[in-house]
>>> print(open('final24.tsv').read())   # TSV, C-alpha atoms and all ligand atoms
chain	number	residue	atom	x	y	z
A	1	MET	CA	22.10	3.28	8.63
A	2	HIS	CA	23.41	-0.21	8.28
A	3	TRP	CA	25.02	-2.92	10.29
A	4	PRO	CA	28.75	-2.56	9.81
A	5	ALA	CA	29.42	-6.27	10.07
A	6	VAL	CA	27.48	-9.41	9.33
A	7	CYS	CA	29.51	-12.24	10.73
A	8	GLU	CA	27.17	-15.04	11.55
A	9	ASN	CA	23.62	-16.16	10.89
A	10	ARG	CA	22.43	-19.63	11.71
A	11	GLU	CA	19.10	-20.54	10.18
A	12	GLY	CA	16.70	-23.18	11.38
A	13	GLY	CA	18.07	-23.98	14.82
A	14	THR	CA	16.16	-23.69	18.04
A	15	GLY	CA	18.99	-24.16	20.49
A	16	ASN	CA	19.36	-22.13	23.63
A	17	ARG	CA	23.10	-22.13	23.87
A	18	GLY	CA	25.23	-19.10	24.42
A	19	ARG	CA	28.34	-18.55	22.41
A	20	GLY	CA	31.68	-19.26	23.99
A	21	GLY	CA	30.62	-22.60	25.41
A	22	SER	CA	31.17	-21.53	29.00
A	23	GLY	CA	27.49	-21.66	29.85
A	24	VAL	CA	27.64	-18.16	31.34
A	25	MET	CA	25.98	-16.43	28.39
A	26	PRO	CA	22.37	-15.57	29.11
A	27	PRO	CA	19.78	-17.34	26.96
A	28	PRO	CA	19.00	-15.57	23.68
A	29	PHE	CA	16.39	-12.88	23.41
A	30	ARG	CA	13.54	-14.67	21.70
A	31	ILE	CA	11.80	-12.38	19.24
A	32	ALA	CA	8.53	-13.56	17.61
A	33	VAL	CA	7.47	-11.82	14.40
A	34	LEU	CA	3.73	-12.14	13.78
A	35	GLY	CA	1.18	-10.67	11.39
A	36	ALA	CA	-1.28	-11.42	8.61
A	37	GLN	CA	-0.14	-12.98	5.37
A	38	GLY	CA	1.56	-10.54	3.01
A	39	VAL	CA	2.28	-7.72	5.45
A	40	GLY	CA	6.02	-8.14	5.00
A	41	LYS	CA	7.15	-10.19	8.01
A	42	THR	CA	9.65	-12.23	6.04
A	43	SER	CA	10.83	-9.16	4.15
A	44	ILE	CA	11.54	-7.35	7.41
A	45	VAL	CA	13.45	-10.29	8.86
A	46	GLN	CA	15.43	-10.85	5.66
A	47	ARG	CA	16.22	-7.17	5.41
A	48	PHE	CA	17.43	-7.11	8.99
A	49	LEU	CA	19.49	-10.28	8.85
A	50	ARG	CA	20.79	-10.26	5.29
A	51	ASP	CA	20.06	-6.83	3.90
A	52	ASP	CA	18.12	-8.69	1.27
A	53	TYR	CA	14.72	-7.93	-0.28
A	54	SER	CA	12.53	-9.69	-2.81
A	55	GLU	CA	9.44	-8.41	-4.62
A	56	ALA	CA	8.06	-11.94	-4.64
A	57	PRO	CA	5.72	-12.83	-1.79
A	58	THR	CA	7.09	-15.59	0.41
A	59	PRO	CA	5.11	-18.78	0.67
A	60	GLY	CA	4.33	-18.71	4.35
A	61	GLN	CA	3.06	-21.94	5.82
A	62	SER	CA	5.93	-22.74	8.14
A	63	ARG	CA	7.85	-20.87	10.76
A	64	LYS	CA	11.52	-20.06	10.36
A	65	VAL	CA	13.92	-19.68	13.22
A	66	TYR	CA	17.08	-17.62	12.88
A	67	LEU	CA	19.90	-17.40	15.37
A	68	SER	CA	21.89	-14.26	15.35
A	69	ALA	CA	23.53	-11.80	17.69
A	70	ALA	CA	23.74	-8.09	18.21
A	71	VAL	CA	26.44	-6.06	19.85
A	72	LEU	CA	25.04	-3.19	21.80
A	73	ASN	CA	27.38	-0.84	23.59
A	74	GLY	CA	30.08	-3.45	23.48
A	75	HIS	CA	27.96	-6.27	24.90
A	76	VAL	CA	26.95	-9.30	22.86
A	77	HIS	CA	23.32	-10.37	22.91
A	78	ASP	CA	22.21	-13.60	21.31
A	79	LEU	CA	18.99	-13.28	19.35
A	80	GLN	CA	16.55	-15.92	18.25
A	81	ILE	CA	14.20	-14.43	15.69
A	82	THR	CA	11.21	-16.52	14.60
A	83	ASP	CA	9.29	-15.58	11.46
A	84	TYR	CA	5.86	-17.13	11.99
A	85	PRO	CA	3.27	-17.73	9.29
A	86	ALA	CA	-0.12	-16.04	9.67
A	87	ILE	CA	-1.49	-18.17	12.47
A	88	SER	CA	-5.27	-18.26	12.89
A	89	SER	CA	-5.12	-17.77	16.65
A	90	PHE	CA	-2.56	-17.54	19.41
A	91	PRO	CA	-2.30	-20.94	21.15
A	92	GLY	CA	-4.13	-20.83	24.44
A	93	SER	CA	-2.12	-23.60	26.09
A	94	SER	CA	1.23	-25.33	25.86
A	95	LEU	CA	-0.54	-28.36	24.44
A	96	GLN	CA	-2.04	-26.33	21.59
A	97	GLU	CA	1.33	-24.75	20.97
A	98	TRP	CA	2.93	-28.16	20.72
A	99	THR	CA	0.20	-29.66	18.56
A	100	ASP	CA	0.44	-26.96	15.92
A	101	SER	CA	4.01	-27.11	14.66
A	102	CYS	CA	3.71	-23.58	13.23
A	103	CYS	CA	3.28	-22.21	16.73
A	104	ARG	CA	6.17	-23.85	18.53
A	105	GLY	CA	7.98	-21.53	20.89
A	106	ILE	CA	5.49	-18.76	20.43
A	107	ARG	CA	4.27	-18.65	24.01
A	108	SER	CA	7.73	-18.25	25.45
A	109	ALA	CA	8.91	-15.35	23.31
A	110	HIS	CA	10.48	-12.43	25.17
A	111	VAL	CA	9.05	-9.86	22.80
A	112	TYR	CA	6.41	-9.86	20.06
A	113	ILE	CA	6.73	-7.82	16.91
A	114	LEU	CA	3.23	-7.54	15.45
A	115	VAL	CA	3.42	-6.34	11.85
A	116	TYR	CA	0.62	-4.83	9.80
A	117	ASP	CA	0.54	-3.30	6.34
A	118	ILE	CA	-0.36	0.40	6.60
A	119	CYS	CA	-2.40	0.01	3.39
A	120	CYS	CA	-4.47	-2.92	4.63
A	121	PHE	CA	-7.15	-2.38	7.24
A	122	ASP	CA	-7.69	-6.09	7.85
A	123	SER	CA	-4.05	-6.56	8.71
A	124	PHE	CA	-4.42	-4.04	11.53
A	125	GLU	CA	-7.49	-5.90	12.77
A	126	TYR	CA	-5.34	-9.03	12.80
A	127	VAL	CA	-2.77	-7.27	14.95
A	128	LYS	CA	-5.51	-6.09	17.33
A	129	THR	CA	-6.84	-9.61	17.72
A	130	MET	CA	-3.40	-11.13	18.13
A	131	ARG	CA	-2.43	-8.62	20.80
A	132	GLN	CA	-5.62	-9.35	22.70
A	133	GLN	CA	-5.03	-13.08	22.49
A	134	ILE	CA	-1.44	-12.74	23.62
A	135	LEU	CA	-2.55	-10.79	26.68
A	136	GLU	CA	-5.28	-13.30	27.47
A	137	THR	CA	-3.35	-16.48	26.96
A	138	ARG	CA	0.22	-15.90	28.04
A	139	VAL	CA	1.18	-17.95	31.07
A	140	ILE	CA	0.63	-16.26	34.41
A	141	GLY	CA	3.50	-14.06	35.42
A	142	THR	CA	4.53	-13.24	31.87
A	143	ALA	CA	1.60	-11.05	30.89
A	144	GLU	CA	3.92	-8.05	30.80
A	145	VAL	CA	5.79	-9.36	27.78
A	146	PRO	CA	6.56	-6.40	25.54
A	147	ILE	CA	4.70	-6.03	22.27
A	148	LEU	CA	5.94	-3.81	19.48
A	149	ILE	CA	3.47	-2.81	16.78
A	150	VAL	CA	5.04	-2.26	13.35
A	151	GLY	CA	3.39	-0.58	10.37
A	152	ASN	CA	5.24	-1.83	7.29
A	153	LYS	CA	5.21	-0.61	3.66
A	154	ARG	CA	5.70	2.99	4.67
A	155	ASP	CA	6.88	3.68	1.11
A	156	LEU	CA	3.24	3.20	0.04
A	157	GLN	CA	1.93	5.73	2.49
A	158	ARG	CA	-0.36	7.41	-0.04
A	159	GLY	CA	-2.45	4.27	0.26
A	160	ARG	CA	-2.50	4.40	4.05
A	161	VAL	CA	-5.90	3.34	5.38
A	162	ILE	CA	-5.74	4.60	8.99
A	163	PRO	CA	-4.15	7.96	9.87
A	164	ARG	CA	-0.81	7.45	11.51
A	165	HIS	CA	-1.61	9.50	14.61
A	166	ASN	CA	-4.78	7.44	15.25
A	167	VAL	CA	-2.80	4.22	15.25
A	168	SER	CA	0.09	5.68	17.15
A	169	ASP	CA	-2.20	7.14	19.87
A	170	LEU	CA	-4.07	3.88	20.27
A	171	VAL	CA	-0.92	1.81	20.40
A	172	ARG	CA	1.19	4.04	22.61
A	173	LYS	CA	-1.35	5.59	24.92
A	174	THR	CA	-4.01	2.90	25.25
A	175	TRP	CA	-2.13	-0.31	24.60
A	176	LYS	CA	1.12	0.99	26.12
A	177	CYS	CA	3.08	-0.66	23.33
A	178	GLY	CA	5.86	0.64	21.15
A	179	TYR	CA	5.01	1.77	17.62
A	180	VAL	CA	7.35	1.93	14.64
A	181	GLU	CA	6.67	2.40	10.94
A	182	CYS	CA	9.13	0.94	8.47
A	183	SER	CA	9.72	-0.03	4.89
A	184	ALA	CA	11.43	-3.37	4.34
A	185	LYS	CA	11.64	-2.48	0.67
A	186	PHE	CA	13.71	0.65	1.25
A	187	ASN	CA	15.39	-0.53	4.46
A	188	TRP	CA	13.84	2.34	6.35
A	189	HIS	CA	13.58	1.95	10.15
A	190	VAL	CA	14.15	-1.81	10.03
A	191	LEU	CA	17.19	-1.53	12.25
A	192	LEU	CA	15.31	0.87	14.47
A	193	LEU	CA	12.45	-1.53	15.03
A	194	PHE	CA	14.74	-4.36	16.11
A	195	GLY	CA	16.53	-1.90	18.34
A	196	GLU	CA	13.20	-0.98	19.91
A	197	ALA	CA	12.39	-4.65	20.37
A	198	LEU	CA	15.72	-5.31	22.07
A	199	ARG	CA	15.39	-2.25	24.24
A	200	SER	CA	11.92	-3.29	25.34
A	201	VAL	CA	13.20	-6.68	26.44
A	202	GLY	CA	15.83	-4.88	28.43
A	203	CYS	CA	19.51	-4.82	27.95
A	204	ALA	CA	20.52	-6.39	31.27
A	205	ARG	CA	23.90	-4.77	31.35
A	206	CYS	CA	22.43	-1.36	30.57
A	207	LYS	CA	19.59	-1.35	33.02
A	208	HIS	CA	21.18	1.10	35.41
A	209	VAL	CA	21.64	3.69	32.71
A	210	ASN	CA	19.31	5.18	30.17
A	211	ALA	CA	19.38	2.33	27.69
A	212	THR	CA	17.50	4.31	25.05
A	213	ILE	CA	20.09	7.04	24.90
A	214	ARG	CA	22.97	4.63	25.04
A	215	PHE	CA	21.48	2.51	22.34
A	216	GLN	CA	20.65	5.41	20.04
A	217	HIS	CA	24.08	6.76	20.68
A	218	ALA	CA	25.52	3.41	19.71
A	219	LEU	CA	23.51	3.40	16.52
A	220	ARG	CA	24.63	6.85	15.54
A	221	ARG	CA	28.23	5.89	16.00
A	222	GLU	CA	27.63	2.59	14.26
A	223	ARG	CA	28.89	0.69	17.24
A	224	CYS	CA	26.09	-1.87	16.83
A	225	ALA	CA	26.96	-4.92	14.89
A	226	LEU	CA	24.96	-7.87	13.75
A	227	MET	CA	27.04	-11.00	14.11
A	301	LIG	P1	4.74	-12.05	4.82
A	301	LIG	O1	3.70	-12.97	4.28
A	301	LIG	O2	4.19	-11.21	5.92
A	301	LIG	O3	6.01	-12.75	5.20
A	301	LIG	O4	5.07	-11.01	3.67
A	301	LIG	P2	6.30	-11.01	2.64
A	301	LIG	O5	7.56	-10.62	3.34
A	301	LIG	O6	6.31	-12.29	1.88
A	301	LIG	O7	5.90	-9.80	1.69
A	301	LIG	C1	4.69	-9.82	0.97
A	301	LIG	C2	4.83	-8.87	-0.22
A	301	LIG	O8	4.96	-7.54	0.22
A	301	LIG	C3	6.05	-9.18	-1.08
A	301	LIG	O9	5.68	-9.05	-2.46
A	301	LIG	C4	7.04	-8.12	-0.68
A	301	LIG	O10	7.91	-7.78	-1.74
A	301	LIG	C5	6.11	-6.94	-0.34
A	301	LIG	N1	6.68	-6.04	0.66
A	301	LIG	C6	7.27	-6.38	1.83
A	301	LIG	N2	7.69	-5.30	2.47
A	301	LIG	C7	7.39	-4.23	1.69
A	301	LIG	C8	7.60	-2.82	1.82
A	301	LIG	O11	8.16	-2.31	2.78
A	301	LIG	N3	7.12	-2.03	0.80
A	301	LIG	C9	6.49	-2.56	-0.29
A	301	LIG	N4	6.07	-1.69	-1.22
A	301	LIG	N5	6.30	-3.87	-0.43
A	301	LIG	C10	6.74	-4.70	0.54
A	302	MG	MG	6.47	-14.83	5.19
>>> encode(input="final24.tsv", output="C-alpha cells")
Amino acid sequence: MHWPAVCENREGGTGNRGRGGSGVMPPPFRIAVLGAQGVGKTSIVQRFLRDDYSEAPTPGQSRKVYLSAAVLNGHVHDLQITDYPAISSFPGSSLQEWTDSCCRGIRSAHVYILVYDICCFDSFEYVKTMRQQILETRVIGTAEVPILIVGNKRDLQRGRVIPRHNVSDLVRKTWKCGYVECSAKFNWHVLLLFGEALRSVGCARCKHVNATIRFQHALRRERCALM
C-alpha cells in the first residue's frame, strides 16, 4: 500500500489557509503526534509524508509542522501534522502553551496520535499520562477530541512488553479510543493509522455515508493521494 502521488509538502509553516485562495476551503485537519522520546514519532511522520526512514534517532527538542493534503474519495483535505518532542506535560492553559514554544498549537489539535513503543513499558505509561492530561486540560467543549493510540515498532514484536489484546481492550473498550499497531521501519500500517486519524476527525463530505467503508474502499483502489 502506498500513496500513488506525492505532489506537495510544505514544512515549517503554521498557516491556516486553504488551497485555491478562494477562502472556501475548510481549515486544515490539525493532527498532533505525541509520545515519549525514541518511540518513532518522527519516523512515522517521515514515512507517511516522504516514504523515508532513517535508523538514526532524531534529535527531538523542537516541534515540526508539516502542511500536506490528502484526497479521500475525490475530496481534498488539508492536513497540518505537528511532530512534537517528548513534552513533560500537556499545557494546562493557553498561557502555558504559549510560554513553552514546543507546545504551540497543541491544545487546538483536531486529533491526537499518541505513539508508544510496543517494546517499552514506560512509553505506554507516558501515553496513559498524556491521554489523561489531554482529557483534563482541553478547553471546555472540546473534550471529545479524538485520540488514536499507536503501538510502533511492530517489527520487534518478540520484545513486546504488554500483550496486544490487553492494550487493545483497554484502549478500545475503556478509553474508547482507536488503536493501531504499525512499523515505521517497514512501512506497515502507517497509511492506515493516518487514515484512522482522519476518519476520527470526520470527513465532512462523507458524514452521511459510512465513511469507514468508503475510505477503506478508496484505499484498496488506491484512490487516496497525498498531495
Ligand atoms: P522519536 O523520538 O519518537 O521521534 O523517535 P524517532 O523517529 O527518532 O525514532 C527513534 C529510533 O527508533 C530511531 O533509531 C528509529 O530508526 C527507530 N524506529 C522508529 N520506528 C521504528 C520501527 O518501526 N521499527 C524499528 N525497529 N525501529 C524504529
Ligand atoms: Mg522525533
>>> residues_near_ligand(input="final24.tsv", ligand="ligand LIG 301 (chain A)", cutoff="6 Å", atoms="all atoms listed in the file", output="list in words")
Gln37, Gly38, Val39, Gly40, Lys41, Thr42, Ser43, Ser54, Glu55, Ala56, Pro57, Thr58, Gly60, Asn152, Lys153, Asp155, Leu156, Ser183, Ala184 and Lys185 of chain A
>>> atom_distance(input="final24.tsv", atom1="CA of Cys102 (chain A)", atom2="CA of Val76 (chain A)")
28.9 Å
>>> atom_distance(input="final24.tsv", atom1="CA of Asp78 (chain A)", atom2="CA of Ile31 (chain A)")
10.7 Å
>>> closest_residue(input="final24.tsv", among="A:Ile149, A:Gln157, A:Tyr66, A:Asp117", to="Leu79 (chain A)", atoms="only C-alpha atoms")
A:Tyr66
>>> atom_distance(input="final24.tsv", atom1="CA of Arg63 (chain A)", atom2="CA of Ser200 (chain A)")
23.2 Å
>>> residues_around(input="final24.tsv", residues="Phe121 (chain A)", least_positions_apart="5", cutoff="10 Å", atoms="only C-alpha atoms", output="list of chain:residue names")
A:Tyr116, A:Tyr126, A:Arg160, A:Val161, A:Ile162
>>> residues_around(input="final24.tsv", residues="Ala86 (chain A)", least_positions_apart="4", cutoff="7 Å", atoms="only C-alpha atoms", output="number ranges by chain")
A: 34-37
>>> write_last_selection(input="final24.tsv", atoms="C-alpha atoms", output="PDB file, in the coordinates of the input")
ATOM      1  CA  LEU A  34       3.730 -12.140  13.780  1.00  0.00           C
ATOM      2  CA  GLY A  35       1.180 -10.670  11.390  1.00  0.00           C
ATOM      3  CA  ALA A  36      -1.280 -11.420   8.610  1.00  0.00           C
ATOM      4  CA  GLN A  37      -0.140 -12.980   5.370  1.00  0.00           C
TER       5      GLN A  37
END
>>> closest_residue(input="final24.tsv", among="A:Phe194, A:Tyr84, A:Tyr112, A:Phe90", to="ligand MG 302 (chain A)", atoms="all atoms listed in the file")
A:Tyr84
>>> closest_residue(input="final24.tsv", among="A:Asp169, A:Asp83, A:Asp51, A:Glu136", to="ligand MG 302 (chain A)", atoms="all atoms listed in the file")
A:Asp83
>>> closest_residue(input="final24.tsv", among="A:Gln80, A:Arg30, A:Val45, A:Gln96", to="ligand MG 302 (chain A)", atoms="all atoms listed in the file")
A:Val45
>>> closest_residue(input="final24.tsv", among="A:Val127, A:Thr137, A:Gly105, A:His189", to="Gly92 (chain A)", atoms="only C-alpha atoms")
A:Thr137
>>> build_atoms(input="final24.tsv", residues="region 49-60 of chain A", atoms="all heavy atoms", output="JSON list (two decimals), in the frame of the given file")
[["chain", "number", "residue", "atom", "x", "y", "z"],
["A", 49, "LEU", "N", 18.42, -9.31, 8.70],
["A", 49, "LEU", "CA", 19.49, -10.28, 8.85],
["A", 49, "LEU", "C", 20.46, -10.30, 7.69],
["A", 49, "LEU", "O", 21.66, -10.55, 7.87],
["A", 49, "LEU", "CB", 18.92, -11.69, 9.04],
["A", 49, "LEU", "CG", 18.15, -11.94, 10.34],
["A", 49, "LEU", "CD1", 17.47, -13.30, 10.29],
["A", 49, "LEU", "CD2", 19.08, -11.85, 11.53],
["A", 50, "ARG", "N", 19.94, -10.07, 6.48],
["A", 50, "ARG", "CA", 20.79, -10.26, 5.29],
["A", 50, "ARG", "C", 20.87, -9.05, 4.38],
["A", 50, "ARG", "O", 21.44, -9.12, 3.32],
["A", 50, "ARG", "CB", 20.24, -11.43, 4.47],
["A", 50, "ARG", "CG", 20.26, -12.71, 5.25],
["A", 50, "ARG", "CD", 19.75, -13.87, 4.45],
["A", 50, "ARG", "NE", 19.92, -15.09, 5.21],
["A", 50, "ARG", "CZ", 19.13, -16.14, 5.15],
["A", 50, "ARG", "NH1", 18.10, -16.12, 4.34],
["A", 50, "ARG", "NH2", 19.36, -17.20, 5.87],
["A", 51, "ASP", "N", 20.18, -8.00, 4.76],
["A", 51, "ASP", "CA", 20.06, -6.83, 3.90],
["A", 51, "ASP", "C", 19.61, -7.25, 2.50],
["A", 51, "ASP", "O", 20.14, -6.81, 1.49],
["A", 51, "ASP", "CB", 21.37, -6.03, 3.84],
["A", 51, "ASP", "CG", 21.13, -4.63, 3.32],
["A", 51, "ASP", "OD1", 19.96, -4.21, 3.27],
["A", 51, "ASP", "OD2", 22.11, -3.95, 2.94],
["A", 52, "ASP", "N", 18.61, -8.11, 2.51],
["A", 52, "ASP", "CA", 18.12, -8.69, 1.27],
["A", 52, "ASP", "C", 16.64, -8.37, 1.15],
["A", 52, "ASP", "O", 15.93, -8.26, 2.16],
["A", 52, "ASP", "CB", 18.33, -10.22, 1.36],
["A", 52, "ASP", "CG", 18.17, -10.89, 0.02],
["A", 52, "ASP", "OD1", 18.23, -10.18, -1.00],
["A", 52, "ASP", "OD2", 17.97, -12.12, 0.01],
["A", 53, "TYR", "N", 16.15, -8.22, -0.08],
["A", 53, "TYR", "CA", 14.72, -7.93, -0.28],
["A", 53, "TYR", "C", 14.27, -8.53, -1.59],
["A", 53, "TYR", "O", 14.97, -8.46, -2.59],
["A", 53, "TYR", "CB", 14.48, -6.41, -0.30],
["A", 53, "TYR", "CG", 13.04, -6.06, -0.58],
["A", 53, "TYR", "CD1", 12.07, -6.13, 0.43],
["A", 53, "TYR", "CD2", 12.64, -5.67, -1.87],
["A", 53, "TYR", "CE1", 10.75, -5.83, 0.17],
["A", 53, "TYR", "CE2", 11.31, -5.36, -2.12],
["A", 53, "TYR", "CZ", 10.37, -5.44, -1.10],
["A", 53, "TYR", "OH", 9.06, -5.14, -1.36],
["A", 54, "SER", "N", 13.07, -9.13, -1.58],
["A", 54, "SER", "CA", 12.53, -9.69, -2.81],
["A", 54, "SER", "C", 11.12, -9.16, -3.03],
["A", 54, "SER", "O", 10.35, -9.02, -2.07],
["A", 54, "SER", "CB", 12.50, -11.22, -2.68],
["A", 54, "SER", "OG", 11.64, -11.75, -3.66],
["A", 55, "GLU", "N", 10.80, -8.88, -4.30],
["A", 55, "GLU", "CA", 9.44, -8.41, -4.62],
["A", 55, "GLU", "C", 8.45, -9.57, -4.57],
["A", 55, "GLU", "O", 7.25, -9.36, -4.48],
["A", 55, "GLU", "CB", 9.40, -7.79, -6.03],
["A", 55, "GLU", "CG", 10.16, -6.49, -6.19],
["A", 55, "GLU", "CD", 9.48, -5.30, -5.51],
["A", 55, "GLU", "OE1", 8.30, -5.43, -5.12],
["A", 55, "GLU", "OE2", 10.15, -4.26, -5.35],
["A", 56, "ALA", "N", 8.96, -10.78, -4.62],
["A", 56, "ALA", "CA", 8.06, -11.94, -4.64],
["A", 56, "ALA", "C", 7.55, -12.25, -3.24],
["A", 56, "ALA", "O", 8.33, -12.29, -2.29],
["A", 56, "ALA", "CB", 8.81, -13.15, -5.18],
["A", 57, "PRO", "N", 6.23, -12.45, -3.10],
["A", 57, "PRO", "CA", 5.72, -12.83, -1.79],
["A", 57, "PRO", "C", 6.29, -14.18, -1.36],
["A", 57, "PRO", "O", 6.51, -15.06, -2.20],
["A", 57, "PRO", "CB", 4.20, -12.94, -2.00],
["A", 57, "PRO", "CG", 3.91, -12.41, -3.36],
["A", 57, "PRO", "CD", 5.20, -12.43, -4.14],
["A", 58, "THR", "N", 6.54, -14.32, -0.07],
["A", 58, "THR", "CA", 7.09, -15.59, 0.41],
["A", 58, "THR", "C", 5.96, -16.55, 0.69],
["A", 58, "THR", "O", 4.96, -16.17, 1.26],
["A", 58, "THR", "CB", 7.87, -15.37, 1.72],
["A", 58, "THR", "OG1", 7.06, -14.63, 2.62],
["A", 58, "THR", "CG2", 9.16, -14.64, 1.48],
["A", 59, "PRO", "N", 6.11, -17.80, 0.27],
["A", 59, "PRO", "CA", 5.11, -18.78, 0.67],
["A", 59, "PRO", "C", 5.23, -18.95, 2.18],
["A", 59, "PRO", "O", 6.32, -19.18, 2.68],
["A", 59, "PRO", "CB", 5.53, -20.05, -0.07],
["A", 59, "PRO", "CG", 6.96, -19.85, -0.42],
["A", 59, "PRO", "CD", 7.25, -18.38, -0.42],
["A", 60, "GLY", "N", 4.15, -18.80, 2.90],
["A", 60, "GLY", "CA", 4.33, -18.71, 4.35],
["A", 60, "GLY", "C", 3.55, -19.70, 5.17],
["A", 60, "GLY", "O", 2.69, -19.30, 5.94]]
